[in-house]
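Data from structure-v6.txt: compact mmCIF, C-alpha atoms and all ligand atoms
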```txt
# COMPACT_ATOMS: atom_id res chain seq x y z
CA MET A 1 39.81 10.83 7.30
CA ASP A 2 37.87 13.97 6.19
CA THR A 3 34.38 14.79 7.48
CA PRO A 4 32.32 13.77 4.37
CA ASN A 5 34.00 10.35 4.38
CA ARG A 6 33.37 9.89 8.09
CA GLY A 7 29.73 10.78 7.43
CA LYS A 8 29.60 8.08 4.75
CA VAL A 9 31.05 5.56 7.19
CA LEU A 10 28.38 6.44 9.73
CA LEU A 11 25.63 5.94 7.12
CA GLU A 12 27.16 2.59 6.16
CA VAL A 13 27.11 1.52 9.83
CA LEU A 14 23.42 2.47 9.95
CA ARG A 15 22.74 0.59 6.71
CA GLN A 16 24.40 -2.58 7.97
CA GLY A 17 22.54 -2.35 11.27
CA LEU A 18 19.20 -1.95 9.52
CA GLU A 19 19.98 -4.86 7.23
CA ARG A 20 20.91 -7.18 10.08
CA TYR A 21 17.98 -6.09 12.25
CA GLY A 22 15.55 -6.48 9.33
CA GLN A 23 16.81 -9.99 8.54
CA ARG A 24 16.47 -11.02 12.17
CA GLN A 25 12.96 -9.55 12.47
CA THR A 26 11.83 -11.25 9.27
CA GLN A 27 13.22 -14.61 10.34
CA THR A 28 11.74 -14.26 13.83
CA MET A 29 8.25 -13.15 12.91
CA LEU A 30 7.72 -14.44 9.38
CA GLY A 31 9.96 -17.53 9.28
CA ASP A 32 11.39 -18.82 5.99
CA ARG A 33 9.65 -16.63 3.41
CA THR A 34 10.83 -18.84 0.55
CA ALA A 35 8.67 -21.70 1.86
CA TYR A 36 5.32 -19.95 1.33
CA ILE A 37 3.65 -17.02 -0.36
CA GLY A 38 2.16 -14.24 1.71
CA MET A 39 -0.88 -12.11 1.03
CA SER A 40 1.28 -9.11 0.11
CA ASP A 41 3.12 -11.34 -2.43
CA ILE A 42 -0.23 -12.28 -3.99
CA GLY A 43 -1.23 -8.59 -4.08
CA ARG A 44 2.00 -7.82 -5.94
CA TYR A 45 1.46 -10.79 -8.28
CA ALA A 46 -1.99 -9.48 -9.23
CA GLU A 47 -0.35 -6.23 -10.36
CA CYS A 48 2.76 -7.66 -12.05
CA PRO A 49 3.52 -11.42 -11.97
CA ARG A 50 7.11 -10.86 -13.18
CA ALA A 51 7.95 -8.37 -10.40
CA ALA A 52 6.31 -10.55 -7.73
CA LEU A 53 8.19 -13.69 -8.84
CA ALA A 54 11.52 -11.87 -9.15
CA GLY A 55 11.01 -10.36 -5.69
CA LYS A 56 10.48 -13.83 -4.27
CA LEU A 57 13.47 -15.39 -6.05
CA LEU A 58 16.18 -12.73 -5.85
CA PRO A 59 17.81 -11.44 -2.65
CA PRO A 60 16.18 -8.31 -1.20
CA GLU A 61 17.61 -4.91 -2.04
CA ALA A 62 19.84 -3.59 0.73
CA SER A 63 20.33 0.10 -0.06
CA LEU A 64 19.94 2.47 2.89
CA GLU A 65 16.95 4.12 1.20
CA ARG A 66 15.12 0.82 0.71
CA LEU A 67 15.95 -0.47 4.20
CA LEU A 68 14.70 2.76 5.77
CA THR A 69 11.43 2.48 3.84
CA LEU A 70 10.95 -1.09 5.04
CA GLN A 71 11.87 -0.23 8.60
CA ARG A 72 9.54 2.77 8.61
CA GLY A 73 6.69 0.28 8.12
CA HIS A 74 7.77 -1.70 11.20
CA TRP A 75 8.19 1.44 13.31
CA PHE A 76 4.72 2.66 12.38
CA GLU A 77 3.31 -0.75 13.18
CA ASP A 78 4.96 -0.74 16.63
CA GLY A 79 3.46 2.69 17.28
CA VAL A 80 -0.04 1.58 16.33
CA GLY A 81 0.36 -1.49 18.55
CA GLN A 82 1.26 0.73 21.51
CA CYS A 83 -1.80 2.95 20.86
CA LEU A 84 -4.15 -0.03 20.83
CA HIS A 85 -2.48 -1.42 23.96
CA ALA A 86 -2.84 1.95 25.75
CA LEU A 87 -6.60 1.78 25.16
CA GLY A 88 -6.77 -1.67 26.75
CA LEU A 89 -8.31 -3.23 23.63
CA HIS A 90 -8.21 -6.98 23.06
CA VAL A 91 -5.70 -7.38 20.26
CA LEU A 92 -3.93 -10.30 18.60
CA PRO A 93 -0.77 -8.86 17.01
CA GLN A 94 0.77 -10.58 13.96
CA LEU A 95 -1.77 -13.40 13.92
CA GLU A 96 -0.63 -16.02 11.42
CA ILE A 97 -3.03 -18.03 9.26
CA ARG A 98 -1.66 -21.01 7.35
CA HIS A 99 -3.43 -22.58 4.42
CA VAL A 100 -2.51 -24.98 1.63
CA TYR A 101 -4.62 -24.48 -1.47
CA GLN A 102 -4.19 -27.08 -4.23
CA GLY A 103 -0.52 -27.47 -3.32
CA ALA A 104 0.16 -23.75 -2.84
CA SER A 105 1.51 -22.94 0.61
CA ILE A 106 -0.06 -19.65 1.74
CA ARG A 107 0.42 -17.67 4.94
CA ALA A 108 -1.33 -14.49 5.97
CA HIS A 109 0.12 -12.29 8.73
CA LEU A 110 -2.51 -9.98 10.13
CA ASP A 111 -0.97 -6.81 11.63
CA PHE A 112 -3.67 -6.38 14.29
CA THR A 113 -6.81 -8.39 14.98
CA LEU A 114 -9.17 -6.66 17.40
CA VAL A 115 -11.74 -8.83 19.15
CA TRP A 116 -14.69 -8.11 21.43
CA GLU A 117 -17.70 -10.04 22.73
CA GLN A 118 -20.29 -7.36 23.57
CA PRO A 119 -22.78 -6.15 22.45
CA ARG A 120 -22.18 -8.58 19.60
CA PRO A 121 -19.11 -10.73 18.96
CA ALA A 122 -16.92 -8.82 16.53
CA VAL A 123 -13.53 -9.05 14.85
CA ARG A 124 -11.74 -6.19 13.08
CA ILE A 125 -8.56 -6.74 11.09
CA LEU A 126 -6.27 -3.72 10.74
CA GLU A 127 -3.63 -3.74 8.02
CA VAL A 128 -1.17 -0.88 8.58
CA LYS A 129 0.51 0.76 5.58
CA SER A 130 3.16 3.44 5.90
CA MET A 131 3.59 5.85 3.00
CA GLU A 132 5.23 9.14 2.18
CA GLN A 133 2.07 10.57 0.61
CA LEU A 134 -1.38 9.21 1.37
CA PRO A 135 -3.43 8.24 -1.70
CA ALA A 136 -6.98 9.50 -2.26
CA ASP A 137 -8.08 5.91 -2.92
CA PRO A 138 -6.61 2.66 -1.60
CA TYR A 139 -4.15 0.72 -3.79
CA ALA A 140 -5.60 -2.36 -5.46
CA ALA A 141 -2.80 -4.59 -4.09
CA HIS A 142 -3.56 -3.48 -0.52
CA GLU A 143 -7.28 -4.09 -1.01
CA LEU A 144 -6.51 -7.57 -2.29
CA GLN A 145 -4.31 -8.20 0.75
CA ILE A 146 -6.92 -7.20 3.33
CA SER A 147 -9.68 -9.04 1.43
CA GLY A 148 -7.52 -12.19 1.33
CA GLN A 149 -6.78 -11.98 5.06
CA LEU A 150 -10.45 -11.54 5.88
CA GLY A 151 -11.42 -14.32 3.48
CA LEU A 152 -9.00 -16.80 5.08
CA LEU A 153 -10.06 -15.83 8.61
CA CYS A 154 -13.69 -16.43 7.69
CA ARG A 155 -13.09 -19.62 5.68
CA LEU A 156 -10.77 -21.22 8.28
CA TRP A 157 -12.53 -19.93 11.43
CA ASN A 158 -12.98 -23.39 12.89
CA LYS A 159 -9.86 -25.01 11.49
CA PRO A 160 -6.51 -25.39 13.35
CA ALA A 161 -4.88 -22.82 11.09
CA PHE A 162 -4.04 -19.97 13.51
CA SER A 163 -0.76 -19.31 15.36
CA LEU A 164 0.62 -16.52 17.50
CA ARG A 165 4.18 -15.59 18.50
CA ASP A 166 5.58 -13.27 21.15
CA ALA A 167 7.76 -10.27 20.30
CA ASP A 168 10.86 -12.52 20.25
CA GLY A 169 9.27 -14.88 17.76
CA ARG A 170 8.60 -17.69 20.25
CA ILE A 171 5.42 -19.61 19.49
CA LEU A 172 2.73 -18.84 22.09
CA HIS A 173 -0.14 -20.74 20.47
CA ASP A 174 0.15 -23.04 17.50
CA LYS A 175 -2.41 -24.56 15.14
CA LEU A 176 -5.56 -23.53 16.99
CA THR A 177 -8.96 -22.51 15.65
CA PHE A 178 -9.79 -18.82 15.87
CA PRO A 179 -12.20 -19.22 18.85
CA GLN A 180 -9.56 -21.38 20.61
CA ILE A 181 -6.80 -18.78 20.17
CA CYS A 182 -9.13 -16.01 21.45
CA ARG A 183 -9.95 -18.11 24.52
CA ALA A 184 -6.30 -19.01 25.16
CA HIS A 185 -4.77 -15.58 24.59
CA LEU A 186 -7.53 -13.07 25.35
CA CYS A 187 -9.85 -15.09 27.63
CA LEU A 188 -12.71 -14.26 25.24
CA ALA A 189 -15.38 -16.74 24.15
CA LEU A 190 -16.15 -16.35 20.46
CA PRO A 191 -18.95 -18.35 18.77
CA ASP A 192 -18.08 -21.55 16.92
CA SER A 193 -19.86 -20.27 13.84
CA VAL A 194 -18.44 -17.27 12.02
CA ARG A 195 -21.99 -16.41 10.93
CA ASP A 196 -22.66 -15.11 14.45
CA VAL A 197 -19.75 -12.65 14.32
CA SER A 198 -19.47 -9.17 12.84
CA LEU A 199 -16.36 -9.29 10.66
CA GLU A 200 -14.61 -6.33 9.00
CA GLY A 201 -11.21 -5.49 7.56
CA TRP A 202 -9.66 -1.99 7.45
CA LEU A 203 -6.63 -0.46 5.79
CA LEU A 204 -4.93 2.09 8.00
CA CYS A 205 -2.60 4.27 5.89
CA LEU A 206 -0.14 6.48 7.78
CA SER A 207 2.40 9.08 6.75
CA MET A 208 4.54 11.22 9.08
CA LYS A 209 1.79 13.86 9.14
CA GLU A 210 -1.52 12.23 8.24
CA ALA A 211 -3.62 9.11 8.65
CA ARG A 212 -6.41 7.75 6.49
CA ALA A 213 -8.60 4.67 6.98
CA PHE A 214 -10.13 2.75 4.07
CA GLY A 215 -12.91 0.24 4.61
CA PRO A 216 -14.78 -1.61 5.82
CA TYR A 217 -13.97 -4.67 3.71
CA GLY A 218 -16.26 -7.66 4.16
CA TYR A 219 -16.09 -11.35 3.26
CA ASP A 220 -16.47 -11.92 -0.47
CA ALA A 221 -16.44 -15.61 -1.47
CA GLU A 222 -15.94 -14.88 -5.17
CA LEU A 223 -12.99 -12.57 -4.48
CA LEU A 224 -11.40 -15.15 -2.16
CA ALA A 225 -11.74 -17.81 -4.89
CA ASN A 226 -10.02 -15.45 -7.31
CA ILE A 227 -7.20 -14.72 -4.82
CA LEU A 228 -6.64 -18.44 -4.22
CA THR A 229 -6.55 -19.11 -7.96
CA GLN A 230 -3.87 -16.44 -8.35
CA ALA A 231 -1.96 -17.92 -5.39
CA ARG A 232 -1.98 -21.35 -7.05
CA ALA A 233 -0.66 -19.90 -10.35
CA PHE A 234 1.99 -17.89 -8.47
CA TRP A 235 3.14 -20.94 -6.50
CA ALA A 236 3.30 -23.17 -9.59
CA GLN A 237 5.36 -20.61 -11.53
CA LEU A 238 7.66 -20.13 -8.54
CA GLN A 239 8.39 -23.88 -8.43
CA ASP A 240 8.83 -24.04 -12.22
CA ILE A 241 11.39 -21.22 -12.18
CA ARG A 242 13.23 -22.85 -9.28
CA THR A 243 13.48 -26.14 -11.17
CA GLY A 244 14.50 -24.38 -14.38
CA SER A 245 11.45 -25.36 -16.43
CA LEU A 246 10.28 -21.74 -16.72
CA MET A 247 12.24 -18.59 -17.48
CA LEU A 248 11.39 -15.35 -15.69
CA ASP A 249 11.30 -13.42 -18.95
CA VAL A 250 8.36 -15.38 -20.35
CA VAL A 251 6.24 -14.71 -17.27
CA PRO A 252 3.56 -12.05 -17.93
CA HIS A 253 4.35 -8.52 -16.77
CA ALA A 254 2.20 -5.46 -16.07
CA GLN A 255 0.77 -3.92 -19.22
CA GLY A 256 0.36 -0.25 -20.08
CA PHE A 257 1.26 2.47 -17.63
CA HIS A 258 2.10 1.01 -14.26
CA PRO A 259 3.32 3.37 -11.51
CA LEU A 260 5.59 0.73 -9.95
CA CYS A 261 7.71 0.34 -13.11
CA ALA A 262 9.53 3.60 -12.37
CA CYS A 263 10.93 2.27 -9.08
CA CYS A 264 10.85 -1.47 -9.86
CA ARG A 265 14.26 -3.02 -9.15
CA PHE A 266 13.73 -5.54 -11.96
CA ASN A 267 13.14 -2.98 -14.68
CA ALA A 268 16.68 -3.10 -16.16
CA ASP A 269 15.96 -6.14 -18.33
CA CYS A 270 12.16 -6.17 -18.21
CA PRO A 271 10.71 -7.13 -21.64
CA LYS A 272 8.19 -4.32 -21.21
CA PHE A 273 11.00 -1.89 -22.03
CA PRO A 274 12.78 -2.87 -25.24
CA GLN A 275 16.48 -2.02 -25.06
CA GLY A 276 16.23 0.72 -27.74
CA ASP A 277 19.19 2.78 -28.98
CA TYR A 278 22.15 3.24 -26.68
CA GLN A 279 23.00 6.97 -26.66
CA PRO A 280 25.06 7.68 -23.52
CA GLN A 281 25.60 11.35 -24.49
CA TRP A 282 22.16 12.12 -23.00
CA GLN A 283 22.92 10.72 -19.56
CA PRO A 284 24.41 13.99 -18.12
CA ALA A 285 21.30 15.93 -19.22
CA LEU A 286 18.98 13.32 -17.69
CA THR A 287 20.97 13.32 -14.44
CA ARG A 288 20.84 17.12 -14.31
CA LEU A 289 17.08 17.13 -15.03
CA GLU A 290 16.48 14.64 -12.24
CA ALA A 291 18.47 16.77 -9.80
CA LEU A 292 16.50 19.87 -10.86
CA LYS A 293 13.21 18.03 -10.30
CA GLN A 294 14.35 16.97 -6.83
CA ASN A 295 15.27 20.61 -6.06
CA HIS A 296 11.89 21.67 -7.38
CA LEU A 297 10.11 19.26 -5.03
CA ALA A 298 12.20 20.41 -2.05
CA LEU A 299 11.55 24.08 -2.92
CA ASP A 300 7.81 23.43 -3.28
CA ALA A 301 7.72 21.82 0.17
CA GLU A 302 9.70 24.73 1.66
CA ILE A 303 7.38 27.28 0.02
CA ARG A 304 4.29 25.52 1.37
CA GLU A 305 5.82 25.44 4.86
CA MET A 306 6.76 29.16 4.79
CA GLU A 307 3.29 30.10 3.52
CA ALA A 308 1.61 28.04 6.24
CA ALA A 309 3.78 29.71 8.90
CA LEU A 310 2.98 33.23 7.63
CA LYS A 311 -0.75 32.44 7.38
CA LEU A 312 -0.68 31.24 10.96
CA ALA A 313 1.25 34.35 12.06
CA HIS A 314 -1.35 36.57 10.40
CA SER A 315 -4.36 34.80 11.88
CA LEU A 316 -2.76 34.80 15.37
CA SER A 317 -2.07 38.55 15.12
CA GLY A 318 -5.82 39.22 15.29
CA THR A 319 -5.72 41.84 12.51
CA ARG A 320 -7.65 41.64 9.25
CA ASP A 321 -5.42 44.27 7.71
CA TRP A 322 -2.01 44.15 6.04
CA ILE A 323 1.02 43.45 8.20
CA ASN A 324 3.96 45.61 7.19
CA ALA A 325 7.32 43.84 7.46
CA GLY A 326 9.51 46.61 6.09
CA GLN A 327 10.27 45.61 2.51
CA HIS A 328 7.10 43.49 2.09
CA ARG A 329 3.59 43.45 3.50
CA PHE A 330 1.25 40.44 3.80
CA ARG A 331 -2.32 39.61 4.72
CA LEU A 332 -4.82 36.73 4.50
CA ALA A 333 -7.39 36.84 1.71
CA THR A 334 -10.25 34.49 0.94
CA THR A 335 -10.60 33.39 -2.66
CA ALA A 336 -13.65 31.68 -4.13
CA GLY A 337 -13.43 27.90 -4.69
CA ARG A 338 -13.09 26.57 -8.24
CA ARG A 339 -16.37 26.00 -10.02
CA SER A 340 -16.73 22.80 -11.99
CA LEU A 341 -19.52 21.03 -13.84
CA ASN A 342 -21.08 18.13 -11.95
CA LYS A 343 -21.63 15.73 -14.82
CA ALA A 344 -23.60 13.22 -12.78
CA ALA A 345 -26.05 15.91 -11.60
CA LEU A 346 -26.41 17.27 -15.16
CA PHE A 347 -27.05 13.74 -16.42
CA ASN A 348 -29.84 13.28 -13.84
CA GLU A 349 -31.39 16.70 -14.57
CA LEU A 350 -31.42 16.11 -18.34
CA THR A 351 -32.85 12.63 -17.91
CA GLU A 352 -35.66 14.07 -15.77
CA ILE A 353 -36.39 16.89 -18.28
CA PHE A 354 -36.52 14.49 -21.23
CA ARG A 355 -38.77 12.13 -19.27
CA PHE A 356 -41.08 15.01 -18.32
CA GLU A 357 -41.19 16.15 -21.97
CA LYS A 358 -41.82 12.54 -22.96
CA ILE A 359 -38.71 12.53 -25.17
CA GLU A 360 -37.42 9.24 -23.92
CA ASP A 361 -35.41 8.00 -26.86
CA ILE A 362 -32.53 10.45 -26.26
CA ASP A 363 -29.26 8.94 -25.11
CA VAL A 364 -28.16 11.46 -22.46
CA ASP A 365 -24.68 9.94 -22.19
CA ALA A 366 -24.12 10.28 -25.94
CA LEU A 367 -25.50 13.82 -25.85
CA LEU A 368 -23.03 14.83 -23.12
CA PHE A 369 -20.20 13.11 -24.98
CA ARG A 370 -21.02 15.14 -28.14
CA CYS A 371 -20.75 18.34 -26.08
CA GLU A 372 -17.32 17.50 -24.69
CA ARG A 373 -14.22 19.05 -26.20
CA GLU A 374 -10.86 17.41 -26.21
CA GLY A 375 -7.76 19.59 -25.97
CA ALA A 376 -4.87 19.17 -28.39
CA SER A 377 -2.61 16.26 -27.52
CA ALA A 378 0.76 17.22 -26.11
CA SER A 379 4.09 15.42 -26.03
CA ARG A 380 5.32 14.32 -22.63
CA LEU A 381 8.78 13.26 -21.57
CA ILE A 382 8.73 10.03 -19.57
CA ILE A 383 11.93 9.14 -17.70
CA ASN A 384 12.50 5.90 -15.79
CA THR A 385 15.46 5.09 -13.60
CA ILE A 386 17.07 1.83 -14.77
CA SER A 387 17.68 -0.18 -11.60
S1 LIG B 1 9.34 -2.91 -14.72
FE1 LIG B 1 7.11 -2.87 -14.49
S2 LIG B 1 6.39 -4.50 -15.83
FE2 LIG B 1 8.58 -4.85 -15.54
S3 LIG B 1 8.72 -6.27 -13.80
FE3 LIG B 1 8.85 -4.21 -12.95
S4 LIG B 1 6.73 -3.66 -12.41
FE4 LIG B 1 6.64 -5.41 -13.80
```
Take the structure in the file and give it back as structure tokens.
Ligand code: SF4
Amino acid sequence: MDTPNRGKVLLEVLRQGLERYGQRQTQTMLGDRTAYIGMSDIGRYAECPRAALAGKLLPPEASLERLLTLQRGHWFEDGVGQCLHALGLHVLPQLEIRHVYQGASIRAHLDFTLVWEQPRPAVRILEVKSMEQLPADPYAAHELQISGQLGLLCRLWNKPAFSLRDADGRILHDKLTFPQICRAHLCLALPDSVRDVSLEGWLLCLSMKEARAFGPYGYDAELLANILTQARAFWAQLQDIRTGSLMLDVVPHAQGFHPLCACCRFNADCPKFPQGDYQPQWQPALTRLEALKQNHLALDAEIREMEAALKLAHSLSGTRDWINAGQHRFRLATTAGRRSLNKAALFNELTEIFRFEKIEDIDVDALLFRCEREGASASRLIINTIS
């Protein structure tokens, strides 16, 4: 056997191991996922009902890339758990909340629930998300997930809806109220009324290099009602597809540009993308373009790394002058930041001026709009991988 083939065999061993470990972890900690819908399922449903239903009905993807992405989430979560443990905080890991809403079986699994009594009883839910690149703003599906978790915790505070398992999946506490589970597991006495507790949810987004926290999210009764309504619709459609009275292709799908479509594993026959002409002669060019883009990304990352290393070398050298390296010289220079127009400030200034001049019937928004210029439209090539 030659070396590349032996390498492939090794990767296949890793893939199989990840698949088996993932299945065991899911079964141990989350139970039979076909028997309920989770908060992350509902978040996905809010973005694209078709993708969420297909994900629930079809077997999970088992490519090495996908399994590594899933496992990365678990590894990050373990790491966060160890950090919280090292600080001696009172934490309930993987707290499960069960709820049946108008026939829909819902379960929320809260990554970490931090609890304390003093100076005021407080509960903080942390939902950990691992990503390659951190977003500037939180994703809507993640916000829905943390809001739903917080909503259920608040709504079911005094109901026997909470359970906790150990790391091997054995039930430690089953069907207790939230104050009961805190007393049993953490020896903490929480009030019987959730009104006496400070309650917040946070999204903790982590990449290999950075971390960003989004929050706090609070209890919102209207949002919870909306989430439960979506859960009921999701559950009903799931049962209808299982019994054959509904076809997946008539289920609504995401409209307009949706970033998940590019990597959605159900995009091959999605009605959002009509089949179009079949012209296989373009496939080699598209494959080559994709490879070039990948190289471009890798080169960009390498360039940024080299630049950062040379900047550091220059600043550590203590000189403000050029450093001569033989064929090239380099130094650090400071460039001015980009100037941009603050439209909100201009709006406020103009509104004030017009008010002062008693010219109050001017629509400042419309005035600003008339002064905007739109560049010429340009054609853009959009390429999706067909899963
Ligand atoms: S391709 Fe896009 S619209 Fe179609 S199921 Fe996937 S996410 Fe939804």
List all protein, DNA and RNA residues that have any atom at most 12 Å from ligand LIG 1 (chain B), counting only C-alpha atoms and all ligand atoms, and write the list as a PDB file with C-alpha atoms, in the frame of the given file.
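Written out: selection34.pdb:
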```pdb
ATOM      1  CA  ARG A  44       2.000  -7.820  -5.940  1.00  0.00           C
ATOM      2  CA  TYR A  45       1.460 -10.790  -8.280  1.00  0.00           C
ATOM      3  CA  ALA A  46      -1.990  -9.480  -9.230  1.00  0.00           C
ATOM      4  CA  GLU A  47      -0.350  -6.230 -10.360  1.00  0.00           C
ATOM      5  CA  CYS A  48       2.760  -7.660 -12.050  1.00  0.00           C
ATOM      6  CA  PRO A  49       3.520 -11.420 -11.970  1.00  0.00           C
ATOM      7  CA  ARG A  50       7.110 -10.860 -13.180  1.00  0.00           C
ATOM      8  CA  ALA A  51       7.950  -8.370 -10.400  1.00  0.00           C
ATOM      9  CA  ALA A  52       6.310 -10.550  -7.730  1.00  0.00           C
ATOM     10  CA  LEU A  53       8.190 -13.690  -8.840  1.00  0.00           C
ATOM     11  CA  ALA A  54      11.520 -11.870  -9.150  1.00  0.00           C
ATOM     12  CA  GLY A  55      11.010 -10.360  -5.690  1.00  0.00           C
ATOM     13  CA  LEU A 248      11.390 -15.350 -15.690  1.00  0.00           C
ATOM     14  CA  ASP A 249      11.300 -13.420 -18.950  1.00  0.00           C
ATOM     15  CA  VAL A 250       8.360 -15.380 -20.350  1.00  0.00           C
ATOM     16  CA  VAL A 251       6.240 -14.710 -17.270  1.00  0.00           C
ATOM     17  CA  PRO A 252       3.560 -12.050 -17.930  1.00  0.00           C
ATOM     18  CA  HIS A 253       4.350  -8.520 -16.770  1.00  0.00           C
ATOM     19  CA  ALA A 254       2.200  -5.460 -16.070  1.00  0.00           C
ATOM     20  CA  GLN A 255       0.770  -3.920 -19.220  1.00  0.00           C
ATOM     21  CA  GLY A 256       0.360  -0.250 -20.080  1.00  0.00           C
ATOM     22  CA  PHE A 257       1.260   2.470 -17.630  1.00  0.00           C
ATOM     23  CA  HIS A 258       2.100   1.010 -14.260  1.00  0.00           C
ATOM     24  CA  PRO A 259       3.320   3.370 -11.510  1.00  0.00           C
ATOM     25  CA  LEU A 260       5.590   0.730  -9.950  1.00  0.00           C
ATOM     26  CA  CYS A 261       7.710   0.340 -13.110  1.00  0.00           C
ATOM     27  CA  ALA A 262       9.530   3.600 -12.370  1.00  0.00           C
ATOM     28  CA  CYS A 263      10.930   2.270  -9.080  1.00  0.00           C
ATOM     29  CA  CYS A 264      10.850  -1.470  -9.860  1.00  0.00           C
ATOM     30  CA  ARG A 265      14.260  -3.020  -9.150  1.00  0.00           C
ATOM     31  CA  PHE A 266      13.730  -5.540 -11.960  1.00  0.00           C
ATOM     32  CA  ASN A 267      13.140  -2.980 -14.680  1.00  0.00           C
ATOM     33  CA  ALA A 268      16.680  -3.100 -16.160  1.00  0.00           C
ATOM     34  CA  ASP A 269      15.960  -6.140 -18.330  1.00  0.00           C
ATOM     35  CA  CYS A 270      12.160  -6.170 -18.210  1.00  0.00           C
ATOM     36  CA  PRO A 271      10.710  -7.130 -21.640  1.00  0.00           C
ATOM     37  CA  LYS A 272       8.190  -4.320 -21.210  1.00  0.00           C
ATOM     38  CA  PHE A 273      11.000  -1.890 -22.030  1.00  0.00           C
ATOM     39  CA  PRO A 274      12.780  -2.870 -25.240  1.00  0.00           C
ATOM     40  CA  ASN A 384      12.500   5.900 -15.790  1.00  0.00           C
ATOM     41  CA  THR A 385      15.460   5.090 -13.600  1.00  0.00           C
ATOM     42  CA  ILE A 386      17.070   1.830 -14.770  1.00  0.00           C
ATOM     43  CA  SER A 387      17.680  -0.180 -11.600  1.00  0.00           C
TER      44      SER A 387
END
```
### Query
Nearest to Arg120 in chain A among A:Leu190, A:Ala345, A:Glu302, A:Leu223, with distances taken over all atoms listed in the file: which residue is it?
A:Leu190
### Query
CA of His90 in chain A and CA of His185 in chain A, how far apart in Å?
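One can read the CA of His185 in chain A to CA of His90 in chain A distance as 9.4 Å.
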### Message
Residues near Lys343 in chain A, anyone? I mean within 12 Å using only C-alpha atoms, not counting same-chain ones fewer than 6 positions away, as a list in words.
### Response
Glu349, Leu350, Val364, Asp365, Leu367, Leu368, Phe369, Cys371 and Glu372 of chain A
Selection export as a tab-separated table (two decimals), keeping the file's coordinate frame, atoms kept: C-alpha atoms:
```tsv
chain	number	residue	atom	x	y	z
A	349	GLU	CA	-31.39	16.70	-14.57
A	350	LEU	CA	-31.42	16.11	-18.34
A	364	VAL	CA	-28.16	11.46	-22.46
A	365	ASP	CA	-24.68	9.94	-22.19
A	367	LEU	CA	-25.50	13.82	-25.85
A	368	LEU	CA	-23.03	14.83	-23.12
A	369	PHE	CA	-20.20	13.11	-24.98
A	371	CYS	CA	-20.75	18.34	-26.08
A	372	GLU	CA	-17.32	17.50	-24.69
```
### Message
I'd like the neighbourhood of range 12-22 of chain A as an NGL selection string, where a residue qualifies if any of its atoms comes within 10 Å (using only C-alpha atoms), though same-chain residues fewer than 5 positions away should be ignored.
### Response
:A and (6-7 or 27-28 or 60-68 or 70-71 or 74)
### Query
Hey, can you check how far CA of Ala122 in chain A sits from CA of Ala189 in chain A?
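Spanning CA of Ala122 in chain A to CA of Ala189 in chain A is a straight-line distance of 11.1 Å.
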Show me, as a PDB file with C-alpha atoms, in the coordinates of the input, the residues that have an atom within 10 Å of Ala167 in chain A when counting all atoms listed in the file, minus same-chain residues fewer than 5 positions from it.
```pdb
ATOM      1  CA  GLN A  25      12.960  -9.550  12.470  1.00  0.00           C
ATOM      2  CA  THR A  28      11.740 -14.260  13.830  1.00  0.00           C
ATOM      3  CA  MET A  29       8.250 -13.150  12.910  1.00  0.00           C
ATOM      4  CA  PRO A  93      -0.770  -8.860  17.010  1.00  0.00           C
ATOM      5  CA  GLN A  94       0.770 -10.580  13.960  1.00  0.00           C
TER       6      GLN A  94
END
```
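Reported to one decimal place, the separation of CA of Phe234 in chain A from CA of Leu152 in chain A is 17.5 Å.
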### Message
Using only C-alpha atoms, can you tell me which of A:Leu186, A:Leu95, A:Ile181, A:Ile42 comes closest to Leu126 in chain A?
### Response
A:Leu95
#### Entry: Spatial neighbours of range 143-149 of chain A, max dist 8 Å, all atoms listed in the file, sep filter under 4 positions, as number ranges by chain
A: 39-40, 42-43, 108-110, 125, 127, 138-139, 153, 201-203, 217-220, 223-224, 227
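For the choices A:Ala231, A:Met306, A:Leu286, A:Ala333, the atom-to-atom distance to His99 in chain A is smallest for A:Ala231 when using all atoms listed in the file.
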### Query
Near Asp321 in chain A, counting only C-alpha atoms, which residues have an atom at most 9 Å away, once you skip same-chain residues fewer than 3 positions from it, shown as a ChimeraX atom specification?
/A:330-332
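Candidate residues A:Val197, A:Cys205, A:Ile241, A:Ile106 were compared for distance to Leu58 in chain A, and the nearest is A:Ile241, using only C-alpha atoms.
When all atoms listed in the file are used to compute distances to Ala141 in chain A, the closest of the residues A:Arg373, A:Arg355, A:Lys56, A:Lys129 turns out to be A:Lys129.
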